[in-house]
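Asks: So here's protein_26.cif, just mmCIF, C-alpha atoms (C1' of nucleotides):
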```
data_query
loop_
_atom_site.label_atom_id
_atom_site.label_comp_id
_atom_site.auth_asym_id
_atom_site.auth_seq_id
_atom_site.Cartn_x
_atom_site.Cartn_y
_atom_site.Cartn_z
CA MET L 1 18.20 -59.28 -28.42
CA LYS L 2 20.52 -61.37 -26.26
CA ILE L 3 21.90 -59.82 -23.10
CA ALA L 4 24.53 -61.62 -21.01
CA THR L 5 26.43 -61.23 -17.76
CA TYR L 6 29.80 -62.82 -17.05
CA ASN L 7 32.07 -62.52 -14.02
CA VAL L 8 35.36 -63.04 -15.84
CA ASN L 9 37.69 -63.07 -12.79
CA GLY L 10 40.43 -61.05 -14.51
CA VAL L 11 39.62 -59.62 -17.95
CA ASN L 12 43.20 -59.83 -19.24
CA GLY L 13 43.95 -63.31 -17.92
CA ARG L 14 40.57 -64.39 -19.29
CA LEU L 15 40.79 -62.66 -22.67
CA PRO L 16 41.12 -65.81 -24.86
CA VAL L 17 38.14 -67.41 -23.09
CA LEU L 18 36.11 -64.19 -23.26
CA LEU L 19 36.75 -63.74 -27.00
CA ARG L 20 35.96 -67.39 -27.71
CA TRP L 21 32.68 -67.10 -25.83
CA LEU L 22 31.75 -63.79 -27.51
CA ALA L 23 32.33 -65.35 -30.94
CA GLU L 24 30.34 -68.47 -30.07
CA SER L 25 27.44 -66.91 -28.17
CA ALA L 26 27.25 -63.56 -30.03
CA PRO L 27 25.38 -61.62 -27.32
CA ASP L 28 24.23 -58.11 -28.25
CA ILE L 29 24.93 -56.64 -24.82
CA VAL L 30 27.39 -58.01 -22.22
CA CYS L 31 27.94 -57.02 -18.60
CA LEU L 32 31.34 -58.00 -17.19
CA GLN L 33 32.46 -58.08 -13.57
CA GLU L 34 35.77 -58.58 -11.78
CA LEU L 35 37.91 -57.02 -14.47
CA LYS L 36 40.81 -56.90 -11.98
CA ALA L 37 42.47 -54.31 -14.19
CA PRO L 38 43.16 -50.60 -13.81
CA GLN L 39 41.24 -48.29 -16.16
CA GLU L 40 44.14 -48.02 -18.63
CA ASN L 41 44.69 -51.80 -18.87
CA PHE L 42 41.27 -52.77 -20.20
CA PRO L 43 41.75 -54.72 -23.49
CA GLU L 44 39.70 -52.22 -25.49
CA GLN L 45 41.24 -52.97 -28.88
CA ALA L 46 40.72 -56.74 -28.65
CA ILE L 47 37.10 -56.16 -27.61
CA ARG L 48 36.63 -53.68 -30.44
CA ASP L 49 38.15 -56.14 -32.93
CA ALA L 50 35.56 -58.65 -31.75
CA GLY L 51 32.87 -56.17 -32.79
CA TYR L 52 31.94 -54.55 -29.47
CA ASN L 53 31.87 -51.01 -28.14
CA ALA L 54 32.73 -50.86 -24.46
CA ILE L 55 32.45 -48.66 -21.42
CA TRP L 56 34.20 -49.74 -18.26
CA HIS L 57 35.16 -48.68 -14.77
CA GLY L 58 38.42 -50.34 -13.83
CA GLN L 59 40.35 -50.57 -10.61
CA LYS L 60 43.82 -51.84 -9.76
CA SER L 61 43.85 -55.48 -8.57
CA TRP L 62 40.17 -55.88 -7.71
CA ASN L 63 36.58 -55.31 -8.79
CA GLY L 64 35.94 -53.52 -12.08
CA VAL L 65 32.82 -53.62 -14.30
CA ALA L 66 32.12 -53.10 -18.01
CA ILE L 67 29.29 -53.04 -20.52
CA LEU L 68 29.88 -54.19 -24.10
CA ALA L 69 27.50 -53.63 -27.00
CA LYS L 70 27.58 -54.93 -30.56
CA GLY L 71 26.32 -52.51 -33.20
CA LEU L 72 24.28 -50.53 -30.67
CA GLU L 73 24.73 -46.98 -29.52
CA MET L 74 25.53 -46.85 -25.82
CA THR L 75 24.99 -43.87 -23.52
CA GLU L 76 26.62 -44.11 -20.11
CA MET L 77 24.29 -42.98 -17.31
CA ARG L 78 26.57 -43.48 -14.29
CA ARG L 79 29.60 -45.45 -13.13
CA VAL L 80 29.05 -45.30 -9.38
CA LEU L 81 26.20 -46.61 -7.24
CA PRO L 82 24.81 -43.49 -5.53
CA GLY L 83 24.65 -43.06 -1.78
CA ASP L 84 28.23 -43.16 -0.48
CA PRO L 85 30.89 -40.77 -1.78
CA GLU L 86 33.47 -42.60 0.37
CA ASP L 87 32.98 -45.88 -1.52
CA ILE L 88 35.84 -46.20 -4.02
CA HIS L 89 35.17 -49.77 -5.22
CA SER L 90 34.38 -50.08 -8.95
CA ARG L 91 31.24 -52.15 -8.66
CA TYR L 92 28.54 -50.46 -10.74
CA ILE L 93 28.12 -49.07 -14.24
CA GLU L 94 24.91 -48.16 -16.03
CA ALA L 95 24.02 -47.30 -19.62
CA MET L 96 21.13 -46.84 -22.03
CA VAL L 97 21.66 -49.29 -24.87
CA GLY L 98 19.26 -50.82 -27.39
CA GLY L 99 16.37 -48.95 -25.77
CA LEU L 100 17.06 -50.59 -22.41
CA LEU L 101 18.56 -49.22 -19.23
CA ILE L 102 21.24 -51.72 -18.24
CA GLY L 103 22.63 -51.69 -14.70
CA CYS L 104 25.76 -53.86 -14.39
CA LEU L 105 26.76 -54.65 -10.81
CA TYR L 106 29.31 -56.55 -8.75
CA LEU L 107 27.80 -56.77 -5.30
CA PRO L 108 30.31 -57.21 -2.43
CA ASN L 109 31.01 -60.76 -1.29
CA GLY L 110 30.77 -59.83 2.40
CA ASN L 111 32.77 -62.66 3.98
CA PRO L 112 33.73 -63.15 6.68
CA ALA L 113 30.38 -62.54 8.34
CA PRO L 114 29.78 -60.95 10.72
CA GLY L 115 32.41 -58.23 10.37
CA PRO L 116 33.25 -55.00 8.53
CA LYS L 117 33.13 -56.65 5.10
CA TYR L 118 29.63 -57.94 5.80
CA ASP L 119 28.56 -54.51 7.07
CA TYR L 120 29.83 -53.05 3.79
CA LYS L 121 27.82 -55.62 1.82
CA LEU L 122 24.60 -54.79 3.67
CA ARG L 123 25.17 -51.03 3.27
CA TRP L 124 25.80 -51.57 -0.45
CA MET L 125 22.54 -53.52 -0.69
CA GLU L 126 20.69 -50.68 1.03
CA ARG L 127 22.08 -48.24 -1.54
CA LEU L 128 21.10 -50.64 -4.32
CA THR L 129 17.58 -50.83 -2.87
CA VAL L 130 17.23 -47.05 -3.06
CA HIS L 131 18.63 -46.85 -6.58
CA ALA L 132 16.58 -49.80 -7.84
CA ALA L 133 13.40 -48.08 -6.64
CA GLU L 134 14.39 -44.93 -8.53
CA LEU L 135 15.02 -46.97 -11.68
CA LEU L 136 11.56 -48.54 -11.43
CA ALA L 137 9.99 -45.13 -10.85
CA SER L 138 11.66 -43.83 -14.01
CA GLY L 139 9.24 -45.92 -16.06
CA LYS L 140 12.06 -47.05 -18.34
CA PRO L 141 12.58 -50.69 -19.34
CA VAL L 142 15.35 -51.70 -16.92
CA ILE L 143 17.59 -54.75 -16.52
CA LEU L 144 19.68 -55.02 -13.38
CA THR L 145 22.23 -57.77 -13.83
CA GLY L 146 25.58 -59.04 -12.64
CA ASP L 147 27.21 -60.92 -9.81
CA PHE L 148 24.87 -60.31 -6.87
CA ASN L 149 26.79 -62.59 -4.48
CA VAL L 150 23.37 -63.63 -3.17
CA ILE L 151 22.02 -67.20 -3.04
CA PRO L 152 18.27 -66.44 -3.13
CA THR L 153 16.88 -69.81 -1.94
CA THR L 154 17.93 -73.32 -0.88
CA LEU L 155 17.35 -74.42 -4.49
CA ASP L 156 20.22 -72.17 -5.54
CA ALA L 157 23.09 -73.90 -3.71
CA TYR L 158 24.58 -77.36 -3.67
CA LYS L 159 24.04 -78.45 -0.04
CA ALA L 160 22.51 -75.15 1.05
CA GLU L 161 22.75 -76.16 4.72
CA ARG L 162 26.50 -75.56 4.50
CA TRP L 163 25.92 -71.93 3.53
CA VAL L 164 23.62 -70.74 6.31
CA ASP L 165 26.33 -68.73 8.06
CA ASP L 166 27.92 -67.48 4.85
CA ALA L 167 27.60 -63.87 3.70
CA LEU L 168 25.98 -65.09 0.45
CA PHE L 169 23.13 -66.88 2.19
CA ARG L 170 22.69 -65.42 5.69
CA PRO L 171 19.10 -64.43 6.53
CA GLU L 172 19.97 -60.70 6.44
CA THR L 173 21.39 -61.12 2.92
CA ARG L 174 18.33 -62.95 1.64
CA GLU L 175 16.01 -60.44 3.33
CA ALA L 176 17.85 -57.52 1.73
CA PHE L 177 17.60 -59.21 -1.66
CA GLY L 178 13.92 -59.96 -1.03
CA LYS L 179 13.28 -56.32 -0.26
CA ILE L 180 14.60 -55.35 -3.68
CA MET L 181 12.56 -58.07 -5.41
CA GLU L 182 9.38 -56.89 -3.66
CA GLN L 183 9.68 -53.55 -5.42
CA GLY L 184 8.48 -55.34 -8.56
CA TRP L 185 11.54 -56.96 -10.10
CA THR L 186 11.47 -60.44 -11.63
CA ASP L 187 14.27 -63.02 -11.42
CA ALA L 188 14.27 -64.03 -15.11
CA LEU L 189 16.03 -67.39 -14.81
CA ARG L 190 13.87 -68.57 -11.93
CA LEU L 191 10.67 -67.40 -13.63
CA LEU L 192 11.35 -69.50 -16.73
CA HIS L 193 12.88 -72.46 -14.85
CA PRO L 194 10.98 -72.59 -11.55
CA ASN L 195 12.15 -75.98 -10.29
CA GLU L 196 15.47 -76.57 -12.03
CA THR L 197 18.85 -76.74 -10.38
CA ILE L 198 20.61 -73.79 -11.99
CA TYR L 199 24.13 -72.78 -11.03
CA THR L 200 26.26 -69.90 -12.31
CA PHE L 201 29.39 -70.43 -10.18
CA TRP L 202 31.53 -73.46 -9.41
CA ASP L 203 34.59 -73.41 -7.13
CA TYR L 204 37.98 -74.06 -8.71
CA PHE L 205 38.81 -76.86 -6.32
CA ARG L 206 37.44 -80.25 -5.32
CA ASP L 207 36.21 -80.71 -8.89
CA ALA L 208 33.20 -78.57 -8.05
CA TYR L 209 32.27 -78.20 -11.73
CA GLY L 210 32.62 -81.93 -12.41
CA ARG L 211 30.37 -82.68 -9.43
CA ASN L 212 28.01 -79.80 -10.32
CA ALA L 213 28.52 -78.47 -6.78
CA GLY L 214 27.68 -74.86 -7.58
CA LEU L 215 25.80 -71.76 -6.62
CA ARG L 216 23.32 -69.52 -8.43
CA ILE L 217 24.55 -66.02 -7.63
CA ASP L 218 24.58 -64.19 -11.00
CA HIS L 219 21.10 -62.86 -11.71
CA PHE L 220 18.89 -61.00 -14.16
CA LEU L 221 16.33 -58.69 -12.55
CA LEU L 222 13.77 -57.40 -15.03
CA SER L 223 11.51 -54.41 -14.55
CA PRO L 224 7.81 -54.89 -15.43
CA MET L 225 8.28 -53.11 -18.76
CA VAL L 226 10.87 -55.69 -19.86
CA LEU L 227 9.20 -58.74 -18.35
CA GLY L 228 6.58 -59.04 -21.08
CA ARG L 229 9.36 -59.23 -23.67
CA LEU L 230 11.27 -62.07 -21.97
CA VAL L 231 11.68 -64.95 -24.44
CA ALA L 232 14.33 -67.23 -22.92
CA ALA L 233 17.03 -67.36 -20.25
CA GLY L 234 19.91 -69.70 -19.45
CA VAL L 235 23.49 -70.34 -18.40
CA ASP L 236 26.32 -71.13 -20.83
CA HIS L 237 27.28 -73.96 -18.49
CA HIS L 238 29.82 -75.55 -20.82
CA VAL L 239 32.05 -72.46 -20.84
CA ARG L 240 32.96 -73.23 -17.22
CA GLY L 241 34.52 -76.45 -18.51
CA TRP L 242 36.90 -74.68 -20.88
CA GLU L 243 40.63 -74.49 -20.25
CA LYS L 244 41.52 -71.40 -18.16
CA SER L 245 37.84 -70.69 -17.40
CA SER L 246 36.53 -68.23 -14.85
CA ASP L 247 34.91 -69.80 -11.77
CA HIS L 248 31.62 -68.26 -13.01
CA GLY L 249 29.76 -69.16 -16.19
CA PRO L 250 28.04 -66.66 -18.52
CA VAL L 251 24.32 -66.12 -17.93
CA TRP L 252 21.94 -64.67 -20.55
CA VAL L 253 18.41 -63.61 -21.39
CA GLU L 254 16.71 -63.22 -24.75
CA ILE L 255 14.47 -60.14 -24.98
CA GLY L 256 11.97 -59.66 -27.82
CA GLU L 257 11.17 -56.46 -29.68
CA GLY L 258 9.59 -53.71 -27.58
"C1'" DA B 259 34.63 -78.33 7.65
"C1'" DT B 260 38.28 -76.44 4.95
"C1'" DG B 261 40.42 -71.13 -0.04
"C1'" DC B 262 42.43 -77.57 -1.39
"C1'" DC B 263 42.64 -73.01 -6.84
"C1'" DG B 264 43.25 -68.86 -9.43
"C1'" DT B 265 44.32 -63.87 -10.31
"C1'" DG B 266 46.86 -59.68 -9.71
"C1'" DG B 267 50.52 -57.06 -7.64
"C1'" DA B 268 54.27 -56.69 -5.08
"C1'" DA B 269 58.10 -58.97 -4.02
"C1'" DA B 270 59.30 -64.26 -3.94
"C1'" DC B 271 54.61 -63.91 -0.37
"C1'" DC B 272 50.09 -61.73 0.25
"C1'" DA B 273 45.16 -60.07 -0.40
"C1'" DC B 274 41.11 -61.47 -2.12
"C1'" DG B 275 37.50 -64.29 -3.88
"C1'" DA B 276 32.60 -67.40 -2.49
#
```
The structure in this file should be written as structure tokens.
Replies:
Amino acid sequence: MKIATYNVNGVNGRLPVLLRWLAESAPDIVCLQELKAPQENFPEQAIRDAGYNAIWHGQKSWNGVAILAKGLEMTEMRRVLPGDPEDIHSRYIEAMVGGLLIGCLYLPNGNPAPGPKYDYKLRWMERLTVHAAELLASGKPVILTGDFNVIPTTLDAYKAERWVDDALFRPETREAFGKIMEQGWTDALRLLHPNETIYTFWDYFRDAYGRNAGLRIDHFLLSPMVLGRLVAAGVDHHVRGWEKSSDHGPVWVEIGEG
DNA sequence: ATGCCGTGGAAACCACGA
């Protein structure tokens, strides 16, 4: 079973690219971020015509997350990250699908740092830490995936020294991410490719993609019950080179039978 | 060193992204 995550940067503007990638890659489960569409403007029919059921949590202009599934029953568990009733950003959706609990997240960027946006990012990460621990305690096979907006190590950024003061790489950000990982999660791409340069995002300007000046910020966190079933993991790097591409590329894992 | 590009929405610019 192939599970993918893709920050589309506008699901309607990206629809031709998204459909082309779905047809080519044929993932069974897909987590999308940055829909940038209100709930009623999600392209449900086009997604359905491509063979996928979908649940989504939209928002006007910004954020927005969705889970797609091909030929699999999907049961939504929640569409809000618990812990702050005041938080109105659409950044989390969770479902049981294919026997797996899939948490699809769009973690706040946090720039400029320091400042209120960075405070919001760190608070969001604290809430994620609490919820991630509860998911592990549930004993279910869990995959937490999406755009984490976290550069975990110096290996995960082109010229990491330029990112030390950035919200994606500041020590507090990496410590908060590390605290989640210590609960018992495994970074699937890094486990299977321990020393490779792997990027999932390339800026639109300065030919960042052509120079492979990227970041690895979209991740797959596997619970121990899923880890033993991990077969392969990678980035559909070439999709970033397509006309009208997102600034992120799709990332995927292959999970064997449980 | 830097939103230099891209998207969406409101209003022919601005917010936001990483």
Asks: For the file shown, report as a list in words the outcome of the PyMOL selection byres ((chain B) within 10 of (chain L)) at residue level.
Replies: DA259, DG261, DC262, DC263, DG264, DT265, DG266, DG267, DA273, DC274, DG275 and DA276 of chain B
Asks: What does the distance between atom CA of Gly71 of chain L and atom CA of Leu101 of chain L come to in Å, to one decimal place?
Replies: 16.3 Å
Asks: Using the chain letters and numbers from the file, which residues does the PyMOL selection byres ((chain L and resi 24) around 12) grab, as a count of residues only?
Replies: 15
Asks: Quick one, how far is atom CA of Ile151 of chain L from atom CA of Glu126 of chain L?
Replies: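 Atom CA of Glu126 of chain L lies 17.1 Å from atom CA of Ile151 of chain L.
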Asks: What's the 6 Å shell around segment 73-83 of chain L, counting all atoms listed in the file, without same-chain residues fewer than 5 positions away, as a count of residues only?
Replies: 7
Asks: Enumerate, as a count of residues only, the residues matched when the PyMOL selection byres ((chain L and resi 63) around 7) is run on the file above.
Replies: 11
Asks: When you look at Ala233 of chain L with a cut-off of 12 Å (counting all atoms listed in the file), what residues show up, excluding the ones that are within fewer than 3 positions of it in the same chain? I need them as a list in words.
Replies: Met1, Lys2, Ile3, Ala4, Thr5, Asp187, Ala188, Leu189, Arg190, Leu191, Leu192, His193, Pro194, Ile198, His219, Phe220, Leu221, Leu222, Leu227, Arg229, Leu230, Asp236, Pro250, Val251, Trp252, Val253, Glu254, Ile255 and Gly256 of chain L
